[in-house]
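Asks: Below: one structure in structure tokens.
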Amino acid sequence: MNEFKFNGVGQGLFYSGTLFNGGFNFVFDCGTANKKSYLDEPINSYIQKISHGKEKPHIDFVIISHLHKDHFSGLPELAKNAVIDRLYLPYLGGNRDFIRFALAYAIFYDSDRNNARNFNENILLFNYMLKLYGLEDDLPDEERLDVPIPQRIIYGNRNINKRTDLEIGENEVICYNNLWRFELYFRSFNLQVIDDLLSRIYNLVGSFESAKLIDFICKSYNADAIKSIAKEYEAVFGKANHHKLTGGVNISSIVMVHYPLYYGAYALIRGGNVDNSDFKSDCVVTVLTGDGQDFDRYPCLIESVKEKDILFFQVPHHGAYDNWISVKKADFLKCKIEYFVLSFGLGNPYGHPHVNTVESLTNSKKCLYLITQLGSLAYSIDG
């Protein structure tokens, strides 16, 4: 059984999943801006579900879409009760190849878009940046970047653990096992922004690989550690959502898409505010957007989902109108989407969800699940 849950945590987001009856576990965002108890209960429930008698179960990966409290505040509690094998933050985490990807994409994409440098100049800059961050030592000559953009940049099939591999290409990272696929998408930024972020994190943590980030953030169980990283993201992207250079921390959000690779899968939906107990669907793709915006700057994401039938699409930023307009501009509404999911806290001071977003969703004639502190949405996908 493969089970997933949009946990009701108030003004925040906590999405959890377990595949193969607890054999593979993951989390996308874990935070709330409301009472800590709103988050503690679903975290404890998830830990109990995946533990199977173990004192500390393993979570194969945790993704924090962006560094705002309502998306990361539960990470220390999660780490206290489980072993996190891999941690992804925007443009950070995974292994050394993940960071090479961030540098390569920033260099080549920015240059190609602005005609700033020729290919040989990009190669020299890329190798310089590898040396600057100590990333060149374990990269064999035959795997050095020697293919022109826009061909895919892939350092494929790294064995992260016994069950999961990693591929990196353009602005996506694909984690997969034999039966499931997880695609991570990143908004494009120029090299100045990515270099600034890497420099700050390296100075703070001493590394930007997953194992070191987990040591720094999780093993101390100290909320101040993740807050210190959040401050570095704010310094780079801006705390406000309309920062003059980048747009603010929200705009760095990771978007994740997951779906099974086998045929004949169907979904069984339980809970939520729509009366469809034991509803079955052959749509099995879930899209998690965090607080993302400017979705036209996620070209690989649009290409990936446009031909797919989407079961759940998480409305970004708790229904903020600018983010919803970005969804519409990116033509997501042309996809076949069974359900929209809107996670927010009742009585929040931000005006989420915006009335125009709710009106637009209503007019789209799509079903809408509302996830608040009063209720969650669980579903399973099987074959």
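Order determines the names: the first chain of the structure tokens is A, the second B, and so forth; residues in each chain are numbered 1 upward, and ligands are numbered 1 upward as they are shown.
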Between region 350-378 of chain A and region 28-35 of chain A, at 12 Å or less, what are the per-residue closest atom pairs and their distances in Å? Count only C-alpha atoms, order by chain and rising residue number, and return it as JSON lines.
Replies:
{"residue": "A:Tyr350", "atom": "CA", "partner": "A:Ala33", "partner_atom": "CA", "distance": 11.1}
{"residue": "A:Thr372", "atom": "CA", "partner": "A:Thr32", "partner_atom": "CA", "distance": 10.8}
{"residue": "A:Gln373", "atom": "CA", "partner": "A:Asn34", "partner_atom": "CA", "distance": 9.0}
Asks: Got a sec: who's within 9 Å of Leu288 (chain A), counting only C-alpha atoms, leaving out chain neighbours fewer than 5 positions off, as a VMD selection string?
Replies: chain A and resid 15 28 254 to 258 312 to 316
Asks: Output N, CA and C atoms for every residue in that selection, as a PDB file, in the first residue's frame.
Replies:
ATOM      1  N   TYR A  15       3.180  17.608   4.080  1.00  0.00           N
ATOM      2  CA  TYR A  15       2.736  16.524   3.208  1.00  0.00           C
ATOM      3  C   TYR A  15       3.643  15.332   3.458  1.00  0.00           C
ATOM      4  N   PHE A  28       7.346  16.295   2.295  1.00  0.00           N
ATOM      5  CA  PHE A  28       7.485  17.556   1.566  1.00  0.00           C
ATOM      6  C   PHE A  28       6.936  18.658   2.461  1.00  0.00           C
ATOM      7  N   ILE A 254      10.965  24.918  -4.273  1.00  0.00           N
ATOM      8  CA  ILE A 254      11.036  23.658  -5.016  1.00  0.00           C
ATOM      9  C   ILE A 254       9.615  23.201  -5.317  1.00  0.00           C
ATOM     10  N   VAL A 255       9.402  22.706  -6.523  1.00  0.00           N
ATOM     11  CA  VAL A 255       8.138  22.057  -6.885  1.00  0.00           C
ATOM     12  C   VAL A 255       8.420  20.571  -7.071  1.00  0.00           C
ATOM     13  N   MET A 256       7.607  19.714  -6.466  1.00  0.00           N
ATOM     14  CA  MET A 256       7.791  18.270  -6.613  1.00  0.00           C
ATOM     15  C   MET A 256       6.583  17.639  -7.295  1.00  0.00           C
ATOM     16  N   VAL A 257       6.869  16.728  -8.206  1.00  0.00           N
ATOM     17  CA  VAL A 257       5.843  15.924  -8.883  1.00  0.00           C
ATOM     18  C   VAL A 257       6.149  14.465  -8.577  1.00  0.00           C
ATOM     19  N   HIS A 258       5.154  13.687  -8.155  1.00  0.00           N
ATOM     20  CA  HIS A 258       5.403  12.256  -7.953  1.00  0.00           C
ATOM     21  C   HIS A 258       4.282  11.424  -8.544  1.00  0.00           C
ATOM     22  N   PHE A 312      -3.930  15.469  -7.784  1.00  0.00           N
ATOM     23  CA  PHE A 312      -3.955  16.584  -6.844  1.00  0.00           C
ATOM     24  C   PHE A 312      -2.950  17.637  -7.272  1.00  0.00           C
ATOM     25  N   PHE A 313      -3.398  18.883  -7.282  1.00  0.00           N
ATOM     26  CA  PHE A 313      -2.525  20.026  -7.540  1.00  0.00           C
ATOM     27  C   PHE A 313      -2.636  20.953  -6.337  1.00  0.00           C
ATOM     28  N   GLN A 314      -1.528  21.104  -5.600  1.00  0.00           N
ATOM     29  CA  GLN A 314      -1.533  21.970  -4.426  1.00  0.00           C
ATOM     30  C   GLN A 314      -1.482  23.429  -4.871  1.00  0.00           C
ATOM     31  N   VAL A 315      -2.504  24.196  -4.511  1.00  0.00           N
ATOM     32  CA  VAL A 315      -2.555  25.621  -4.837  1.00  0.00           C
ATOM     33  C   VAL A 315      -1.425  26.321  -4.091  1.00  0.00           C
ATOM     34  N   PRO A 316      -0.531  27.054  -4.786  1.00  0.00           N
ATOM     35  CA  PRO A 316       0.646  27.616  -4.114  1.00  0.00           C
ATOM     36  C   PRO A 316       0.307  28.747  -3.151  1.00  0.00           C
TER      37      PRO A 316
END
Asks: One decimal, Å: what's the distance from CA of Phe344 (chain A) over to CA of Phe72 (chain A), could you say?
Replies: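 Those two atoms sit 15.0 Å apart.
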Asks: Residues near Phe26 (chain A), anyone? I mean within 6 Å using only C-alpha atoms, not counting same-chain ones fewer than 2 positions away, as a list in words.
Replies: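 The contact residues come out as Gly17, Ile59, Asp60, Phe61 and Val62 of chain A.
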Asks: Selection from above, C-alpha atoms, as a PDB file, in the first residue's frame, can you write it?
Replies:
ATOM      1  CA  GLY A  17       4.097   9.766   2.174  1.00  0.00           C
ATOM      2  CA  ILE A  59      12.756   8.868   6.259  1.00  0.00           C
ATOM      3  CA  ASP A  60      14.373   8.447   2.853  1.00  0.00           C
ATOM      4  CA  PHE A  61      14.183  12.131   2.014  1.00  0.00           C
ATOM      5  CA  VAL A  62      12.759  15.396   3.308  1.00  0.00           C
TER       6      VAL A  62
END
Asks: Would you pick out the contacts of region 297-299 of chain A at 8 Å or less, using only C-alpha atoms, so that residues sharing its chain but fewer than 2 positions from it are not included, and give the list as a ChimeraX atom specification?
Replies: /A:171,185-188,294-295,301-303
Asks: Could those residues be written to a file, using N, CA and C atoms, as a CSV table (one decimal), in the first residue's frame?
Replies:
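Written output follows (again-v6.csv):
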chain,number,residue,atom,x,y,z
A,171,ASN,N,16.8,22.0,-15.0
A,171,ASN,CA,16.4,22.4,-13.7
A,171,ASN,C,15.5,21.4,-13.0
A,185,TYR,N,11.7,20.3,-9.2
A,185,TYR,CA,11.9,21.4,-10.2
A,185,TYR,C,12.3,22.7,-9.5
A,186,PHE,N,13.2,23.5,-10.1
A,186,PHE,CA,13.7,24.7,-9.5
A,186,PHE,C,13.5,25.9,-10.5
A,187,ARG,N,13.2,27.0,-9.9
A,187,ARG,CA,13.1,28.2,-10.7
A,187,ARG,C,14.5,28.6,-11.1
A,188,SER,N,14.7,29.1,-12.3
A,188,SER,CA,16.0,29.5,-12.8
A,188,SER,C,16.4,30.9,-12.2
A,294,ASP,N,5.8,32.5,-10.5
A,294,ASP,CA,6.6,32.7,-11.8
A,294,ASP,C,6.8,31.3,-12.4
A,295,PHE,N,5.7,30.5,-12.6
A,295,PHE,CA,5.8,29.2,-13.0
A,295,PHE,C,6.3,29.1,-14.5
A,301,LEU,N,9.1,21.7,-15.8
A,301,LEU,CA,7.9,21.3,-15.0
A,301,LEU,C,6.7,21.3,-15.9
A,302,ILE,N,6.5,22.4,-16.7
A,302,ILE,CA,5.3,22.5,-17.6
A,302,ILE,C,5.4,21.3,-18.6
A,303,GLU,N,6.6,21.1,-19.1
A,303,GLU,CA,6.8,20.1,-20.1
A,303,GLU,C,6.4,18.7,-19.6
Asks: Return the single residue from A:Glu183, A:Glu77, A:Asp382, A:Glu338 that is closest to Ser304 (chain A), with distances computed using only C-alpha atoms.
Replies: A:Glu183
Asks: Using only C-alpha atoms, which residues sit within 10 Å of Leu361 (chain A) once same-chain residues fewer than 5 positions away are excluded, as an MDAnalysis selection string?
Replies: chainID A and resid 315 319 324 333 340 355:356 366:368
Asks: Include all heavy atoms and write out the residues we just selected as a PDB file, in the first residue's frame.
Replies:
ATOM      1  N   VAL A 315      -2.504  24.196  -4.511  1.00  0.00           N
ATOM      2  CA  VAL A 315      -2.555  25.621  -4.837  1.00  0.00           C
ATOM      3  C   VAL A 315      -1.425  26.321  -4.091  1.00  0.00           C
ATOM      4  O   VAL A 315      -1.330  26.218  -2.859  1.00  0.00           O
ATOM      5  CB  VAL A 315      -3.919  26.224  -4.454  1.00  0.00           C
ATOM      6  CG1 VAL A 315      -3.947  27.723  -4.765  1.00  0.00           C
ATOM      7  CG2 VAL A 315      -5.045  25.503  -5.187  1.00  0.00           C
ATOM      8  N   GLY A 319      -3.105  29.954  -1.414  1.00  0.00           N
ATOM      9  CA  GLY A 319      -4.159  30.640  -2.157  1.00  0.00           C
ATOM     10  C   GLY A 319      -3.928  32.113  -2.388  1.00  0.00           C
ATOM     11  O   GLY A 319      -4.868  32.826  -2.767  1.00  0.00           O
ATOM     12  N   TRP A 324      -1.548  32.398  -7.660  1.00  0.00           N
ATOM     13  CA  TRP A 324      -2.572  31.736  -8.459  1.00  0.00           C
ATOM     14  C   TRP A 324      -2.588  32.267  -9.893  1.00  0.00           C
ATOM     15  O   TRP A 324      -2.750  31.502 -10.845  1.00  0.00           O
ATOM     16  CB  TRP A 324      -3.945  31.907  -7.808  1.00  0.00           C
ATOM     17  CG  TRP A 324      -5.049  31.321  -8.624  1.00  0.00           C
ATOM     18  CD1 TRP A 324      -6.076  31.989  -9.238  1.00  0.00           C
ATOM     19  CD2 TRP A 324      -5.232  29.942  -8.958  1.00  0.00           C
ATOM     20  NE1 TRP A 324      -6.875  31.130  -9.923  1.00  0.00           N
ATOM     21  CE2 TRP A 324      -6.383  29.859  -9.773  1.00  0.00           C
ATOM     22  CE3 TRP A 324      -4.524  28.790  -8.652  1.00  0.00           C
ATOM     23  CZ2 TRP A 324      -6.848  28.644 -10.274  1.00  0.00           C
ATOM     24  CZ3 TRP A 324      -4.995  27.568  -9.149  1.00  0.00           C
ATOM     25  CH2 TRP A 324      -6.141  27.517  -9.952  1.00  0.00           C
ATOM     26  N   LEU A 333      -4.006  25.171 -16.022  1.00  0.00           N
ATOM     27  CA  LEU A 333      -5.429  24.846 -16.057  1.00  0.00           C
ATOM     28  C   LEU A 333      -5.827  24.120 -17.335  1.00  0.00           C
ATOM     29  O   LEU A 333      -6.939  23.607 -17.436  1.00  0.00           O
ATOM     30  CB  LEU A 333      -6.265  26.124 -15.886  1.00  0.00           C
ATOM     31  CG  LEU A 333      -6.079  26.866 -14.564  1.00  0.00           C
ATOM     32  CD1 LEU A 333      -7.109  27.976 -14.429  1.00  0.00           C
ATOM     33  CD2 LEU A 333      -6.176  25.926 -13.375  1.00  0.00           C
ATOM     34  N   PHE A 340      -7.970  20.303  -6.761  1.00  0.00           N
ATOM     35  CA  PHE A 340      -7.059  21.280  -6.198  1.00  0.00           C
ATOM     36  C   PHE A 340      -7.079  21.127  -4.673  1.00  0.00           C
ATOM     37  O   PHE A 340      -8.119  20.846  -4.081  1.00  0.00           O
ATOM     38  CB  PHE A 340      -7.469  22.705  -6.569  1.00  0.00           C
ATOM     39  CG  PHE A 340      -7.193  23.051  -8.005  1.00  0.00           C
ATOM     40  CD1 PHE A 340      -8.213  23.095  -8.942  1.00  0.00           C
ATOM     41  CD2 PHE A 340      -5.899  23.348  -8.414  1.00  0.00           C
ATOM     42  CE1 PHE A 340      -7.961  23.410 -10.254  1.00  0.00           C
ATOM     43  CE2 PHE A 340      -5.633  23.666  -9.737  1.00  0.00           C
ATOM     44  CZ  PHE A 340      -6.666  23.703 -10.660  1.00  0.00           C
ATOM     45  N   VAL A 355      -9.804  35.979  -1.903  1.00  0.00           N
ATOM     46  CA  VAL A 355     -11.168  35.736  -2.374  1.00  0.00           C
ATOM     47  C   VAL A 355     -11.195  35.525  -3.880  1.00  0.00           C
ATOM     48  O   VAL A 355     -11.994  34.718  -4.394  1.00  0.00           O
ATOM     49  CB  VAL A 355     -12.104  36.897  -1.948  1.00  0.00           C
ATOM     50  CG1 VAL A 355     -11.655  38.229  -2.566  1.00  0.00           C
ATOM     51  CG2 VAL A 355     -13.549  36.592  -2.323  1.00  0.00           C
ATOM     52  N   ASN A 356     -10.330  36.218  -4.626  1.00  0.00           N
ATOM     53  CA  ASN A 356     -10.308  36.048  -6.083  1.00  0.00           C
ATOM     54  C   ASN A 356      -9.778  34.674  -6.487  1.00  0.00           C
ATOM     55  O   ASN A 356     -10.178  34.115  -7.506  1.00  0.00           O
ATOM     56  CB  ASN A 356      -9.468  37.138  -6.742  1.00  0.00           C
ATOM     57  CG  ASN A 356     -10.119  38.501  -6.664  1.00  0.00           C
ATOM     58  OD1 ASN A 356     -11.312  38.603  -6.364  1.00  0.00           O
ATOM     59  ND2 ASN A 356      -9.359  39.557  -6.924  1.00  0.00           N
ATOM     60  N   LYS A 366     -13.571  22.770 -10.959  1.00  0.00           N
ATOM     61  CA  LYS A 366     -12.770  21.680 -10.415  1.00  0.00           C
ATOM     62  C   LYS A 366     -13.127  21.489  -8.939  1.00  0.00           C
ATOM     63  O   LYS A 366     -13.514  22.437  -8.255  1.00  0.00           O
ATOM     64  CB  LYS A 366     -11.273  21.996 -10.526  1.00  0.00           C
ATOM     65  CG  LYS A 366     -10.792  22.303 -11.928  1.00  0.00           C
ATOM     66  CD  LYS A 366     -10.726  21.068 -12.796  1.00  0.00           C
ATOM     67  CE  LYS A 366     -10.093  21.399 -14.146  1.00  0.00           C
ATOM     68  NZ  LYS A 366     -10.001  20.211 -15.013  1.00  0.00           N
ATOM     69  N   CYS A 367     -13.004  20.273  -8.460  1.00  0.00           N
ATOM     70  CA  CYS A 367     -13.242  20.018  -7.043  1.00  0.00           C
ATOM     71  C   CYS A 367     -12.081  20.580  -6.215  1.00  0.00           C
ATOM     72  O   CYS A 367     -10.922  20.548  -6.641  1.00  0.00           O
ATOM     73  CB  CYS A 367     -13.400  18.527  -6.783  1.00  0.00           C
ATOM     74  SG  CYS A 367     -14.937  17.844  -7.430  1.00  0.00           S
ATOM     75  N   LEU A 368     -12.400  21.067  -5.044  1.00  0.00           N
ATOM     76  CA  LEU A 368     -11.418  21.735  -4.203  1.00  0.00           C
ATOM     77  C   LEU A 368     -11.455  21.155  -2.803  1.00  0.00           C
ATOM     78  O   LEU A 368     -12.515  21.100  -2.167  1.00  0.00           O
ATOM     79  CB  LEU A 368     -11.714  23.242  -4.159  1.00  0.00           C
ATOM     80  CG  LEU A 368     -10.881  24.111  -3.212  1.00  0.00           C
ATOM     81  CD1 LEU A 368      -9.415  24.109  -3.639  1.00  0.00           C
ATOM     82  CD2 LEU A 368     -11.433  25.539  -3.190  1.00  0.00           C
TER      83      LEU A 368
END
Asks: Which of these, A:Phe237, A:Phe216, A:Tyr369, A:Tyr266, has the shortest distance to Phe189 (chain A) once you count only C-alpha atoms?
Replies: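 When distances to Phe189 (chain A) are compared using only C-alpha atoms, the smallest one comes from A:Phe237.
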Asks: Mind the document's chain letters and residue numbers, and return as a count of residues only the residues of region 187-237 of chain A that DSSP labels alpha helix (DSSP H).
Replies: 38
